[in-house]
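As stored in query_39.pdb (PDB, C-alpha atoms and all ligand atoms):
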```
ATOM      1  CA  MET S  19     156.308 197.335 203.928
ATOM      2  CA  GLU S  20     155.890 193.738 202.781
ATOM      3  CA  ILE S  21     154.432 191.181 205.145
ATOM      4  CA  TYR S  22     155.124 187.565 204.289
ATOM      5  CA  GLY S  23     153.078 184.731 205.697
ATOM      6  CA  LYS S  24     151.478 185.452 209.073
ATOM      7  CA  LYS S  25     148.075 184.776 207.576
ATOM      8  CA  ARG S  26     146.458 183.703 210.816
ATOM      9  CA  ALA S  27     147.672 186.812 212.633
ATOM     10  CA  LEU S  28     146.629 189.143 209.805
ATOM     11  CA  ASP S  29     143.211 187.481 209.666
ATOM     12  CA  ALA S  30     142.818 188.094 213.395
ATOM     13  CA  LEU S  31     143.686 191.783 212.973
ATOM     14  CA  GLU S  32     141.265 191.995 210.075
ATOM     15  CA  ARG S  33     138.508 190.496 212.232
ATOM     16  CA  PHE S  34     139.160 192.942 215.085
ATOM     17  CA  SER S  35     139.043 195.784 212.609
ATOM     18  CA  ALA S  36     135.829 194.629 210.955
ATOM     19  CA  SER S  37     134.107 194.112 214.311
ATOM     20  CA  GLY S  38     134.840 197.708 215.297
ATOM     21  CA  ARG S  39     136.326 196.460 218.561
ATOM     22  CA  PHE S  40     140.044 196.632 218.056
ATOM     23  CA  PRO S  41     141.753 195.590 221.327
ATOM     24  CA  HIS S  42     143.589 198.259 223.305
ATOM     25  CA  ALA S  43     146.360 195.809 224.150
ATOM     26  CA  LEU S  44     147.735 193.126 221.835
ATOM     27  CA  LEU S  45     150.453 190.544 222.388
ATOM     28  CA  PHE S  46     152.241 188.894 219.455
ATOM     29  CA  THR S  47     153.964 185.617 220.316
ATOM     30  CA  GLY S  48     156.257 183.386 218.270
ATOM     31  CA  GLU S  49     159.843 182.238 217.979
ATOM     32  CA  LYS S  50     162.759 184.627 217.540
ATOM     33  CA  GLY S  51     162.985 185.940 213.963
ATOM     34  CA  ILE S  52     159.413 185.039 213.053
ATOM     35  CA  GLY S  53     158.414 188.667 212.397
ATOM     36  CA  LYS S  54     156.664 189.890 215.530
ATOM     37  CA  ARG S  55     158.228 193.342 215.284
ATOM     38  CA  VAL S  56     157.105 193.777 211.653
ATOM     39  CA  LEU S  57     153.603 192.851 212.684
ATOM     40  CA  ALA S  58     153.779 195.242 215.650
ATOM     41  CA  ASP S  59     154.799 198.087 213.310
ATOM     42  CA  TYR S  60     151.990 197.182 210.939
ATOM     43  CA  THR S  61     149.449 197.126 213.770
ATOM     44  CA  ALA S  62     150.722 200.473 215.066
ATOM     45  CA  MET S  63     149.877 201.881 211.629
ATOM     46  CA  MET S  64     146.376 200.418 211.874
ATOM     47  CA  TYR S  65     145.889 202.418 215.069
ATOM     48  CA  ILE S  66     147.164 205.760 213.789
ATOM     49  CA  CYS S  67     146.456 205.693 210.029
ATOM     50  CA  SER S  68     144.620 208.819 208.900
ATOM     51  CA  GLY S  69     143.867 207.568 205.379
ATOM     52  CA  ASN S  70     140.437 206.691 204.069
ATOM     53  CA  GLY S  71     139.244 203.129 203.624
ATOM     54  CA  ARG S  72     141.262 200.107 204.589
ATOM     55  CA  LYS S  73     143.809 200.655 207.323
ATOM     56  CA  PRO S  74     146.741 200.883 207.288
ATOM     57  CA  CYS S  75     146.739 202.705 203.946
ATOM     58  CA  MET S  76     150.567 202.811 203.934
ATOM     59  CA  ARG S  77     150.419 206.139 202.117
ATOM     60  CA  CYS S  78     149.284 208.760 204.605
ATOM     61  CA  ASN S  79     151.720 210.857 206.565
ATOM     62  CA  GLU S  80     151.086 208.813 209.731
ATOM     63  CA  CYS S  81     151.718 205.459 208.068
ATOM     64  CA  ARG S  82     154.838 206.659 206.323
ATOM     65  CA  ARG S  83     156.386 208.130 209.432
ATOM     66  CA  ALA S  84     155.506 205.031 211.427
ATOM     67  CA  GLU S  85     157.104 202.818 208.787
ATOM     68  CA  GLN S  86     160.325 204.807 209.041
ATOM     69  CA  HIS S  87     160.129 204.711 212.845
ATOM     70  CA  ILE S  88     160.086 208.492 213.078
ATOM     71  CA  HIS S  89     156.485 208.949 214.238
ATOM     72  CA  PRO S  90     156.544 210.730 217.616
ATOM     73  CA  ASP S  91     153.443 208.863 218.789
ATOM     74  CA  VAL S  92     154.675 205.347 218.059
ATOM     75  CA  VAL S  93     157.125 204.680 220.850
ATOM     76  CA  TYR S  94     159.429 201.773 221.626
ATOM     77  CA  PRO S  95     160.247 201.811 225.345
ATOM     78  CA  LEU S  96     162.915 199.101 225.131
ATOM     79  CA  SER S  97     165.030 201.415 222.979
ATOM     80  CA  VAL S  98     165.155 204.066 225.734
ATOM     81  CA  MET S  99     166.050 201.686 228.565
ATOM     82  CA  GLU S 100     169.581 201.751 229.914
ATOM     83  CA  LYS S 101     171.696 199.022 228.258
ATOM     84  CA  GLY S 102     168.669 198.006 226.172
ATOM     85  CA  LYS S 103     167.130 196.042 229.051
ATOM     86  CA  TYR S 104     163.989 196.823 230.999
ATOM     87  CA  ASN S 105     164.552 198.231 234.465
ATOM     88  CA  ALA S 106     161.917 199.526 236.860
ATOM     89  CA  ASP S 107     163.224 203.117 237.099
ATOM     90  CA  ASP S 108     163.426 203.754 233.366
ATOM     91  CA  LEU S 109     160.102 202.000 232.875
ATOM     92  CA  ARG S 110     158.402 204.250 235.455
ATOM     93  CA  ASP S 111     159.866 207.329 233.721
ATOM     94  CA  PHE S 112     158.601 206.094 230.389
ATOM     95  CA  ILE S 113     155.136 205.392 231.784
ATOM     96  CA  SER S 114     154.818 208.790 233.442
ATOM     97  CA  GLY S 115     155.507 210.349 230.023
ATOM     98  CA  CYS S 116     152.558 208.426 228.631
ATOM     99  CA  TYR S 117     150.071 210.198 230.896
ATOM    100  CA  ILE S 118     150.590 213.310 228.767
ATOM    101  CA  LYS S 119     148.542 213.512 225.562
ATOM    102  CA  PRO S 120     150.203 212.400 222.324
ATOM    103  CA  ASN S 121     152.194 214.884 220.233
ATOM    104  CA  ASP S 122     150.560 214.800 216.845
ATOM    105  CA  GLY S 123     147.327 212.874 216.757
ATOM    106  CA  ASP S 124     144.733 211.390 219.065
ATOM    107  CA  ILE S 125     146.502 208.105 219.672
ATOM    108  CA  ARG S 126     149.829 207.011 221.119
ATOM    109  CA  VAL S 127     151.026 203.474 220.451
ATOM    110  CA  CYS S 128     153.492 201.937 222.913
ATOM    111  CA  VAL S 129     155.320 198.951 221.451
ATOM    112  CA  PHE S 130     156.787 196.907 224.304
ATOM    113  CA  GLU S 131     159.146 194.423 222.694
ATOM    114  CA  SER S 132     160.333 191.272 224.490
ATOM    115  CA  LEU S 133     157.725 191.345 227.227
ATOM    116  CA  ASP S 134     159.036 187.933 228.268
ATOM    117  CA  SER S 135     162.378 189.510 229.217
ATOM    118  CA  MET S 136     160.750 191.770 231.825
ATOM    119  CA  SER S 137     161.323 191.029 235.503
ATOM    120  CA  VAL S 138     158.325 190.485 237.770
ATOM    121  CA  ILE S 139     158.869 193.945 239.269
ATOM    122  CA  CYS S 140     158.780 195.557 235.816
ATOM    123  CA  GLN S 141     155.707 193.559 234.803
ATOM    124  CA  ASN S 142     153.893 194.708 237.938
ATOM    125  CA  THR S 143     154.846 198.304 237.182
ATOM    126  CA  LEU S 144     153.475 197.817 233.702
ATOM    127  CA  LEU S 145     150.330 196.171 235.010
ATOM    128  CA  LYS S 146     149.191 199.283 236.847
ATOM    129  CA  PHE S 147     149.676 201.226 233.640
ATOM    130  CA  ILE S 148     147.618 198.918 231.416
ATOM    131  CA  GLU S 149     144.965 198.208 234.052
ATOM    132  CA  GLU S 150     143.635 201.737 233.839
ATOM    133  CA  PRO S 151     144.079 202.504 230.165
ATOM    134  CA  LEU S 152     143.936 206.117 229.060
ATOM    135  CA  ASP S 153     141.774 206.850 226.035
ATOM    136  CA  PHE S 154     144.707 207.926 223.935
ATOM    137  CA  ASN S 155     147.100 205.029 224.644
ATOM    138  CA  ARG S 156     147.316 201.680 222.829
ATOM    139  CA  TYR S 157     149.680 198.856 223.734
ATOM    140  CA  ILE S 158     151.417 196.292 221.579
ATOM    141  CA  PHE S 159     153.616 193.646 223.163
ATOM    142  CA  THR S 160     155.876 191.027 221.643
ATOM    143  CA  ALA S 161     157.229 187.891 223.329
ATOM    144  CA  ASP S 162     159.012 184.754 222.166
ATOM    145  CA  ARG S 163     157.208 182.811 224.897
ATOM    146  CA  LYS S 164     154.147 183.441 227.035
ATOM    147  CA  GLU S 165     155.342 181.467 230.074
ATOM    148  CA  PRO S 166     157.449 184.198 231.706
ATOM    149  CA  VAL S 167     154.579 186.683 231.413
ATOM    150  CA  LEU S 168     152.462 187.106 234.551
ATOM    151  CA  GLN S 169     148.903 185.790 234.353
ATOM    152  CA  THR S 170     147.656 189.157 235.536
ATOM    153  CA  VAL S 171     149.311 190.798 232.520
ATOM    154  CA  LEU S 172     148.163 188.078 230.111
ATOM    155  CA  SER S 173     144.584 188.497 231.257
ATOM    156  CA  ARG S 174     144.637 192.112 230.072
ATOM    157  CA  VAL S 175     145.988 191.573 226.577
ATOM    158  CA  THR S 176     144.677 189.865 223.473
ATOM    159  CA  ALA S 177     147.310 187.320 222.415
ATOM    160  CA  VAL S 178     147.876 186.566 218.736
ATOM    161  CA  ALA S 179     150.264 183.782 217.628
ATOM    162  CA  VAL S 180     152.613 184.507 214.719
ATOM    163  CA  ASP S 181     153.297 181.494 212.464
ATOM    164  CA  PRO S 182     156.306 180.719 210.269
ATOM    165  CA  ALA S 183     155.923 181.426 206.541
ATOM    166  CA  ASP S 184     155.208 178.535 204.181
ATOM    167  CA  ARG S 185     157.783 177.409 201.622
ATOM    168  CA  VAL S 186     156.511 179.677 198.824
ATOM    169  CA  GLU S 187     156.363 182.801 200.959
ATOM    170  CA  PHE S 188     159.746 182.004 202.459
ATOM    171  CA  ALA S 189     161.276 181.729 198.967
ATOM    172  CA  LYS S 190     159.667 184.971 197.828
ATOM    173  CA  ALA S 191     160.904 186.925 200.836
ATOM    174  CA  LEU S 192     164.466 185.625 200.546
ATOM    175  CA  SER S 193     164.709 186.090 196.802
ATOM    176  CA  GLU S 194     163.904 189.761 197.349
ATOM    177  CA  HIS S 195     167.096 189.904 199.358
ATOM    178  CA  GLY S 196     169.025 188.606 196.378
ATOM    179  CA  ILE S 197     169.505 185.076 197.721
ATOM    180  CA  ALA S 198     169.775 182.361 195.058
ATOM    181  CA  ALA S 199     167.108 179.659 194.766
ATOM    182  CA  THR S 200     169.400 176.767 195.701
ATOM    183  CA  ARG S 201     170.560 178.584 198.809
ATOM    184  CA  ILE S 202     166.942 179.391 199.688
ATOM    185  CA  GLU S 203     166.181 175.658 199.635
ATOM    186  CA  GLU S 204     169.084 175.001 201.998
ATOM    187  CA  LEU S 205     167.963 177.760 204.327
ATOM    188  CA  TYR S 206     164.415 176.416 204.390
ATOM    189  CA  GLY S 207     165.921 173.104 205.479
ATOM    190  CA  LEU S 208     167.743 174.898 208.270
ATOM    191  CA  PHE S 209     165.103 177.309 209.488
ATOM    192  CA  GLY S 210     161.716 176.127 208.307
ATOM    193  CA  GLY S 211     159.641 179.213 207.547
ATOM    194  CA  ASN S 212     161.460 181.543 209.918
ATOM    195  CA  ILE S 213     162.424 184.328 207.493
ATOM    196  CA  GLY S 214     164.070 186.590 210.069
ATOM    197  CA  ALA S 215     166.317 183.837 211.418
ATOM    198  CA  ALA S 216     167.347 182.755 207.893
ATOM    199  CA  LEU S 217     168.227 186.327 206.877
ATOM    200  CA  LYS S 218     170.190 186.909 210.035
ATOM    201  CA  TYR S 219     172.068 183.674 209.504
ATOM    202  CA  GLU S 220     172.959 184.720 205.953
ATOM    203  CA  GLU S 221     174.165 188.070 207.215
ATOM    204  CA  ASN S 222     176.268 186.747 210.049
ATOM    205  CA  GLY S 223     175.868 183.185 211.271
ATOM    206  CA  ASP S 224     178.201 183.887 214.194
ATOM    207  CA  ASP S 225     175.542 186.121 215.720
ATOM    208  CA  MET S 226     173.193 183.188 215.966
ATOM    209  CA  GLN S 227     174.710 181.403 218.889
ATOM    210  CA  TYR S 228     171.371 180.044 220.013
ATOM    211  CA  TYR S 229     170.726 178.460 216.633
ATOM    212  CA  ASN S 230     174.200 176.985 216.371
ATOM    213  CA  ALA S 231     173.905 175.589 219.894
ATOM    214  CA  ALA S 232     170.477 174.087 219.150
ATOM    215  CA  VAL S 233     171.685 172.137 216.128
ATOM    216  CA  LYS S 234     174.804 170.999 218.009
ATOM    217  CA  VAL S 235     172.567 169.721 220.809
ATOM    218  CA  CYS S 236     170.472 167.769 218.308
ATOM    219  CA  ASP S 237     173.597 166.348 216.640
ATOM    220  CA  ALA S 238     174.996 165.347 220.036
ATOM    221  CA  VAL S 239     171.697 163.675 220.935
ATOM    222  CA  ALA S 240     171.666 161.801 217.613
ATOM    223  CA  GLU S 241     175.214 160.603 218.267
ATOM    224  CA  LYS S 242     174.425 159.916 221.939
ATOM    225  CA  LYS S 243     177.260 162.147 223.140
ATOM    226  CA  GLU S 244     176.052 163.670 226.357
ATOM    227  CA  LEU S 245     179.183 165.713 227.060
ATOM    228  CA  GLU S 246     178.999 167.415 223.665
ATOM    229  CA  CYS S 247     175.367 168.202 224.324
ATOM    230  CA  LEU S 248     176.341 169.820 227.614
ATOM    231  CA  LEU S 249     179.156 171.827 226.030
ATOM    232  CA  ALA S 250     176.864 173.095 223.272
ATOM    233  CA  ILE S 251     174.119 174.276 225.571
ATOM    234  CA  SER S 252     176.571 175.617 228.163
ATOM    235  CA  SER S 253     178.092 177.859 225.492
ATOM    236  CA  LEU S 254     174.977 180.028 225.788
ATOM    237  CA  LYS S 255     175.368 182.840 228.257
ATOM    238  CA  THR S 256     171.841 184.142 228.812
ATOM    239  CA  ARG S 257     168.497 182.611 229.623
ATOM    240  CA  GLU S 258     167.000 184.237 226.505
ATOM    241  CA  GLU S 259     169.509 182.381 224.331
ATOM    242  CA  ILE S 260     168.838 179.080 226.100
ATOM    243  CA  PHE S 261     165.091 179.416 225.642
ATOM    244  CA  ALA S 262     165.525 180.432 221.993
ATOM    245  CA  ALA S 263     167.638 177.291 221.502
ATOM    246  CA  LEU S 264     165.066 175.155 223.322
ATOM    247  CA  GLY S 265     162.393 176.471 220.956
ATOM    248  CA  ILE S 266     164.352 175.146 217.970
ATOM    249  CA  ILE S 267     165.218 171.873 219.717
ATOM    250  CA  THR S 268     161.522 171.307 220.509
ATOM    251  CA  ASP S 269     160.659 171.935 216.884
ATOM    252  CA  ILE S 270     163.300 169.481 215.647
ATOM    253  CA  PHE S 271     162.086 166.723 218.009
ATOM    254  CA  ALA S 272     158.518 167.341 216.880
ATOM    255  CA  GLN S 273     159.619 166.934 213.259
ATOM    256  CA  ALA S 274     161.614 163.818 214.114
ATOM    257  CA  ALA S 275     158.650 162.218 215.890
ATOM    258  CA  ALA S 276     156.362 162.959 212.930
ATOM    259  CA  TYR S 277     158.941 161.598 210.488
ATOM    260  CA  LYS S 278     159.562 158.445 212.508
ATOM    261  CA  SER S 279     155.847 157.710 212.752
ATOM    262  CA  GLY S 280     155.476 158.159 208.990
ATOM    263  CA  LYS S 281     153.332 161.256 209.310
ATOM    264  CA  GLY S 282     155.965 163.839 208.403
ATOM    265  CA  THR S 283     158.259 164.359 205.424
ATOM    266  CA  ALA S 284     161.101 166.061 207.338
ATOM    267  CA  GLU S 285     161.124 169.005 204.978
ATOM    268  CA  LYS S 286     162.091 171.280 207.841
ATOM    269  CA  TYR S 287     165.473 170.524 209.404
ATOM    270  CA  PRO S 288     165.827 167.358 207.240
ATOM    271  CA  ASP S 289     169.364 166.402 208.331
ATOM    272  CA  ARG S 290     168.800 166.558 212.056
ATOM    273  CA  THR S 291     165.321 165.102 211.810
ATOM    274  CA  LYS S 292     166.521 162.040 209.933
ATOM    275  CA  ARG S 293     169.542 161.473 212.166
ATOM    276  CA  ILE S 294     167.464 161.570 215.323
ATOM    277  CA  ALA S 295     164.793 159.401 213.745
ATOM    278  CA  SER S 296     167.326 156.715 212.819
ATOM    279  CA  ALA S 297     169.093 156.793 216.199
ATOM    280  CA  TYR S 298     166.043 156.378 218.446
ATOM    281  CA  SER S 299     162.706 154.635 218.798
ATOM    282  CA  LEU S 300     159.529 156.662 218.407
ATOM    283  CA  GLY S 301     158.929 156.244 222.133
ATOM    284  CA  ALA S 302     162.316 157.760 222.973
ATOM    285  CA  ILE S 303     161.867 160.651 220.545
ATOM    286  CA  SER S 304     158.430 161.382 221.957
ATOM    287  CA  LYS S 305     159.845 161.404 225.486
ATOM    288  CA  MET S 306     162.627 163.775 224.472
ATOM    289  CA  TYR S 307     160.128 165.989 222.705
ATOM    290  CA  GLY S 308     158.012 166.054 225.860
ATOM    291  CA  GLU S 309     161.036 167.022 227.947
ATOM    292  CA  ALA S 310     162.153 169.735 225.496
ATOM    293  CA  GLN S 311     158.628 171.115 225.523
ATOM    294  CA  ARG S 312     158.503 171.084 229.311
ATOM    295  CA  LEU S 313     161.846 172.899 229.569
ATOM    296  CA  TYR S 314     160.832 175.433 226.909
ATOM    297  CA  GLY S 315     157.623 176.120 228.796
ATOM    298  CA  MET S 316     159.336 176.709 232.122
ATOM    299  CA  SER S 317     159.159 180.047 233.800
ATOM    300  CA  PHE S 318     162.697 180.920 234.582
ATOM    301  CA  THR S 319     163.130 180.120 238.242
ATOM    302  CA  ASN S 320     166.734 178.998 238.286
ATOM    303  CA  PRO S 321     168.919 182.111 238.291
ATOM    304  CA  ASN S 322     171.990 180.087 237.409
ATOM    305  CA  VAL S 323     172.255 179.744 233.645
ATOM    306  CA  LYS S 324     174.950 177.055 233.824
ATOM    307  CA  LEU S 325     172.886 174.874 236.165
ATOM    308  CA  PHE S 326     169.845 175.228 233.956
ATOM    309  CA  ALA S 327     171.918 174.252 230.907
ATOM    310  CA  ALA S 328     173.057 171.112 232.753
ATOM    311  CA  GLU S 329     169.457 170.349 233.733
ATOM    312  CA  CYS S 330     168.316 170.626 230.116
ATOM    313  CA  CYS S 331     170.991 168.279 228.867
ATOM    314  CA  GLY S 332     170.394 165.765 231.667
ATOM    315  CA  ALA S 333     166.642 165.792 231.116
ATOM    316  CA  LEU S 334     166.947 165.048 227.386
ATOM    317  CA  PHE S 335     169.313 162.119 227.863
ATOM    318  CA  ASP S 336     167.357 160.722 230.813
ATOM    319  CA  ALA S 337     164.195 160.782 228.729
ATOM    320  CA  ALA S 338     165.862 158.856 225.909
ATOM    321  CA  GLU S 339     167.393 156.283 228.263
ATOM    322  CA  ASN S 340     164.199 155.708 230.247
ATOM    323  CA  ALA S 341     162.232 155.136 227.084
ATOM    324  CA  ASN S 342     164.824 152.657 225.790
ATOM    325  CA  ARG S 343     164.861 150.655 229.008
ATOM    326  CA  ARG S 344     161.194 149.815 228.795
TER     327      ARG S 344
HETATM  328 ZN    ZN S 401     147.649 205.472 206.586
END
```

Please render this file's structure as structure tokens.
Amino acid sequence: MEIYGKKRALDALERFSASGRFPHALLFTGEKGIGKRVLADYTAMMYICSGNGRKPCMRCNECRRAEQHIHPDVVYPLSVMEKGKYNADDLRDFISGCYIKPNDGDIRVCVFESLDSMSVICQNTLLKFIEEPLDFNRYIFTADRKEPVLQTVLSRVTAVAVDPADRVEFAKALSEHGIAATRIEELYGLFGGNIGAALKYEENGDDMQYYNAAVKVCDAVAEKKELECLLAISSLKTREEIFAALGIITDIFAQAAAYKSGKGTAEKYPDRTKRIASAYSLGAISKMYGEAQRLYGMSFTNPNVKLFAAECCGALFDAAENANRR
């Protein structure tokens, strides 16, 4: 198992380990594709490794089985939920199974992916489970965003942010997948240091609706075409996709603002960054960035995806217009 980048997160794990107080519940946050699952797998190995010295050793029976996802005590509840989505009944069944001692060793690791996709009911079910931790259970959570996670849940986990890889690490990871250097440069321009998103895009760009919509939104904003912006964002069918797109849009506006103010080089998303920077004043870009950030940080209260898409588009264009009028 190779881990690229993620230095800050790995340093945090290292510190927990050295202090002898490794948290019972960890939450990895960061944008889609950034490598939260890889880090969750790696951390699961830290919990169950039976090797001597530095953990995970990656060589012992526990580590190897965990790496192949065949360890009976490293469990992924999302994979046993009906239709791959959390629901309260399946979650309760899963939890009741966790009151029994682990199969092989002393520790069971529950890896709850996409905590931010859990309903309030599911999160409350989960809360009771993590509030009174059993000696033999450990919990790892992943989430693209923290906002949809209940404060009561957040207060019981140690959150660790997962960063994008830098240019060198990004190139190394992609070249191991046989991608040519020139293409790697292009992909860095498209995805910054998000290795997972770049690889997925190479595999099948059509699967990345949220990414395609995000760049179309930015192009429409640069060309001041509000209808095209609306069409792009309305093409997304789920709230998860809209928030994933908003994450990228926020990032692009941040780059554009830095570039416009002379503080950034636009090495990430260069095309979109430069187009937005030339179309708008710094004030307008900053306003749009603020709006994108606000929308990205929203807990999802509007159940209607189409209405929320319209709200996003309206908010971005209003922000630009208001800034220009002043
Ligand atoms: Zn090991």

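Taking all atoms listed in the file into account, those protein, DNA and RNA residues with any atom at most 12 Å away from (172.7, 174.8, 236.0) amount to S:Leu248, S:Ile251, S:Ser252, S:Leu254, S:Lys255, S:Thr256, S:Arg257, S:Ile260, S:Phe318, S:Thr319, S:Asn320, S:Pro321, S:Asn322, S:Val323, S:Lys324, S:Leu325, S:Phe326, S:Ala327, S:Ala328, S:Glu329, S:Cys330, S:Cys331, S:Gly332, S:Ala333.
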
How would the residues just chosen look if you wrote them out with C-alpha atoms as a short mmCIF file (atom, residue, chain, number, x, y, z; two decimals), in the coordinates of the input?
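Contents of again-v3.cif, freshly written:
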```cif
data_model
loop_
_atom_site.label_atom_id
_atom_site.label_comp_id
_atom_site.auth_asym_id
_atom_site.auth_seq_id
_atom_site.Cartn_x
_atom_site.Cartn_y
_atom_site.Cartn_z
CA LEU S 248 176.34 169.82 227.61
CA ILE S 251 174.12 174.28 225.57
CA SER S 252 176.57 175.62 228.16
CA LEU S 254 174.98 180.03 225.79
CA LYS S 255 175.37 182.84 228.26
CA THR S 256 171.84 184.14 228.81
CA ARG S 257 168.50 182.61 229.62
CA ILE S 260 168.84 179.08 226.10
CA PHE S 318 162.70 180.92 234.58
CA THR S 319 163.13 180.12 238.24
CA ASN S 320 166.73 179.00 238.29
CA PRO S 321 168.92 182.11 238.29
CA ASN S 322 171.99 180.09 237.41
CA VAL S 323 172.26 179.74 233.64
CA LYS S 324 174.95 177.06 233.82
CA LEU S 325 172.89 174.87 236.16
CA PHE S 326 169.84 175.23 233.96
CA ALA S 327 171.92 174.25 230.91
CA ALA S 328 173.06 171.11 232.75
CA GLU S 329 169.46 170.35 233.73
CA CYS S 330 168.32 170.63 230.12
CA CYS S 331 170.99 168.28 228.87
CA GLY S 332 170.39 165.76 231.67
CA ALA S 333 166.64 165.79 231.12
#
```

Kindly provide, as AutoDock Vina command-line options, the centre and edge lengths (Å, one decimal) of an axis-aligned box around all atoms of region 327-341 of chain S given in the file, with 4 Å on each side.
```
--center_x 167.6 --center_y 164.7 --center_z 229.8 --size_x 18.8 --size_y 27.1 --size_z 15.8
```

Next on the checklist: Residue by residue, what does the PyMOL selection byres (((not hetatm)) within 10 of (chain S and resi 401)) grab here? Present the result as a list in words.
Outcome noted: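 Written out, the selection comes to Met63, Met64, Tyr65, Ile66, Cys67, Ser68, Gly69, Asn70, Gly71, Arg72, Lys73, Pro74, Cys75, Met76, Arg77, Cys78, Asn79, Glu80, Cys81, Arg82, Arg83 and Ala84 of chain S.
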
Next on the checklist: Using the chain letters and numbers from this file, what does the PyMOL selection byres (((chain S and resi 316) around 12) and not hetatm) select? Give the answer as a list in words.
Outcome noted: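 Selection result, ordered by chain and number: Asp134, Arg163, Lys164, Glu165, Pro166, Val167, Arg257, Ile260, Phe261, Leu264, Gly265, Glu309, Ala310, Gln311, Arg312, Leu313, Tyr314, Gly315, Ser317, Phe318, Thr319, Asn320, Phe326 and Cys330 of chain S.
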
At a cut-off of 12 Å, can you tabulate as a Markdown table every residue of region 236-282 of chain S near region 195-213 of chain S together with its closest atom pair and the distance in Å to one decimal, using all atoms listed in the file and ordering rows by chain then number?
```
| residue | atom | partner | partner_atom | distance |
| --- | --- | --- | --- | --- |
| S:Gly265 | CA | S:Phe209 | CA | 11.8 |
| S:Ile266 | CA | S:Phe209 | CA | 8.8 |
| S:Ile267 | CA | S:Phe209 | CA | 11.6 |
| S:Asp269 | CA | S:Gly210 | CA | 9.6 |
| S:Ile270 | CA | S:Gly210 | CA | 10.0 |
| S:Gln273 | CA | S:Gly210 | CA | 10.7 |
```

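If you measure from each of S:Asp225, S:Glu20, S:Glu246, S:Asp153 to Lys190 (chain S) using all atoms listed in the file, the closest one turns out to be S:Glu20.
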
Checklist entry - Exactly which residues make up the result of the PyMOL selection byres (((chain S and resi 85-96) around 7) and not hetatm) on this file, given as JSON, numbers by chain? => result {"S": [59, 62, 81, 82, 83, 84, 97, 98, 99, 102, 103, 104, 112, 120, 121, 122, 126, 127, 128, 129, 130, 131]}

Let me see the file: selected residues, C-alpha atoms, as a PDB file, in the frame of the given file.
```pdb
ATOM      1  CA  ASP S  59     154.799 198.087 213.310  1.00  0.00           C
ATOM      2  CA  ALA S  62     150.722 200.473 215.066  1.00  0.00           C
ATOM      3  CA  CYS S  81     151.718 205.459 208.068  1.00  0.00           C
ATOM      4  CA  ARG S  82     154.838 206.659 206.323  1.00  0.00           C
ATOM      5  CA  ARG S  83     156.386 208.130 209.432  1.00  0.00           C
ATOM      6  CA  ALA S  84     155.506 205.031 211.427  1.00  0.00           C
ATOM      7  CA  SER S  97     165.030 201.415 222.979  1.00  0.00           C
ATOM      8  CA  VAL S  98     165.155 204.066 225.734  1.00  0.00           C
ATOM      9  CA  MET S  99     166.050 201.686 228.565  1.00  0.00           C
ATOM     10  CA  GLY S 102     168.669 198.006 226.172  1.00  0.00           C
ATOM     11  CA  LYS S 103     167.130 196.042 229.051  1.00  0.00           C
ATOM     12  CA  TYR S 104     163.989 196.823 230.999  1.00  0.00           C
ATOM     13  CA  PHE S 112     158.601 206.094 230.389  1.00  0.00           C
ATOM     14  CA  PRO S 120     150.203 212.400 222.324  1.00  0.00           C
ATOM     15  CA  ASN S 121     152.194 214.884 220.233  1.00  0.00           C
ATOM     16  CA  ASP S 122     150.560 214.800 216.845  1.00  0.00           C
ATOM     17  CA  ARG S 126     149.829 207.011 221.119  1.00  0.00           C
ATOM     18  CA  VAL S 127     151.026 203.474 220.451  1.00  0.00           C
ATOM     19  CA  CYS S 128     153.492 201.937 222.913  1.00  0.00           C
ATOM     20  CA  VAL S 129     155.320 198.951 221.451  1.00  0.00           C
ATOM     21  CA  PHE S 130     156.787 196.907 224.304  1.00  0.00           C
ATOM     22  CA  GLU S 131     159.146 194.423 222.694  1.00  0.00           C
TER      23      GLU S 131
END
```

Checklist outcome for this item: As a check of understanding: the span from CA of Ser304 (chain S) to CA of Val186 (chain S) is 29.6 Å

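Nearest-residue note for Ile118 (chain S): choosing from S:Tyr219, S:Tyr287, S:Phe154, S:Tyr307, the minimum distance belongs to S:Phe154, counting only C-alpha atoms.
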
Item to check | d(CA of Ala295 (chain S), CA of Val233 (chain S)) in Å | outcome: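 CA of Val233 (chain S) lies 14.7 Å from CA of Ala295 (chain S).
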
Next on the checklist: Report, in Å to a single decimal, how far apart CA of Glu241 (chain S) and CA of Ala274 (chain S) are.
Outcome noted: 14.6 Å

Item to check | Selection as a ChimeraX atom specification: residues within 12 Å of (170.3, 155.9, 227.9), counting all atoms listed in the file | outcome: /S:239-244,297-299,302,306,332-344

Export of prior selection with C-alpha atoms as a short mmCIF file (atom, residue, chain, number, x, y, z; two decimals), keeping the file's coordinate frame:
```
data_model
loop_
_atom_site.label_atom_id
_atom_site.label_comp_id
_atom_site.auth_asym_id
_atom_site.auth_seq_id
_atom_site.Cartn_x
_atom_site.Cartn_y
_atom_site.Cartn_z
CA VAL S 239 171.70 163.68 220.94
CA ALA S 240 171.67 161.80 217.61
CA GLU S 241 175.21 160.60 218.27
CA LYS S 242 174.42 159.92 221.94
CA LYS S 243 177.26 162.15 223.14
CA GLU S 244 176.05 163.67 226.36
CA ALA S 297 169.09 156.79 216.20
CA TYR S 298 166.04 156.38 218.45
CA SER S 299 162.71 154.64 218.80
CA ALA S 302 162.32 157.76 222.97
CA MET S 306 162.63 163.78 224.47
CA GLY S 332 170.39 165.76 231.67
CA ALA S 333 166.64 165.79 231.12
CA LEU S 334 166.95 165.05 227.39
CA PHE S 335 169.31 162.12 227.86
CA ASP S 336 167.36 160.72 230.81
CA ALA S 337 164.20 160.78 228.73
CA ALA S 338 165.86 158.86 225.91
CA GLU S 339 167.39 156.28 228.26
CA ASN S 340 164.20 155.71 230.25
CA ALA S 341 162.23 155.14 227.08
CA ASN S 342 164.82 152.66 225.79
CA ARG S 343 164.86 150.66 229.01
CA ARG S 344 161.19 149.82 228.80
#
```
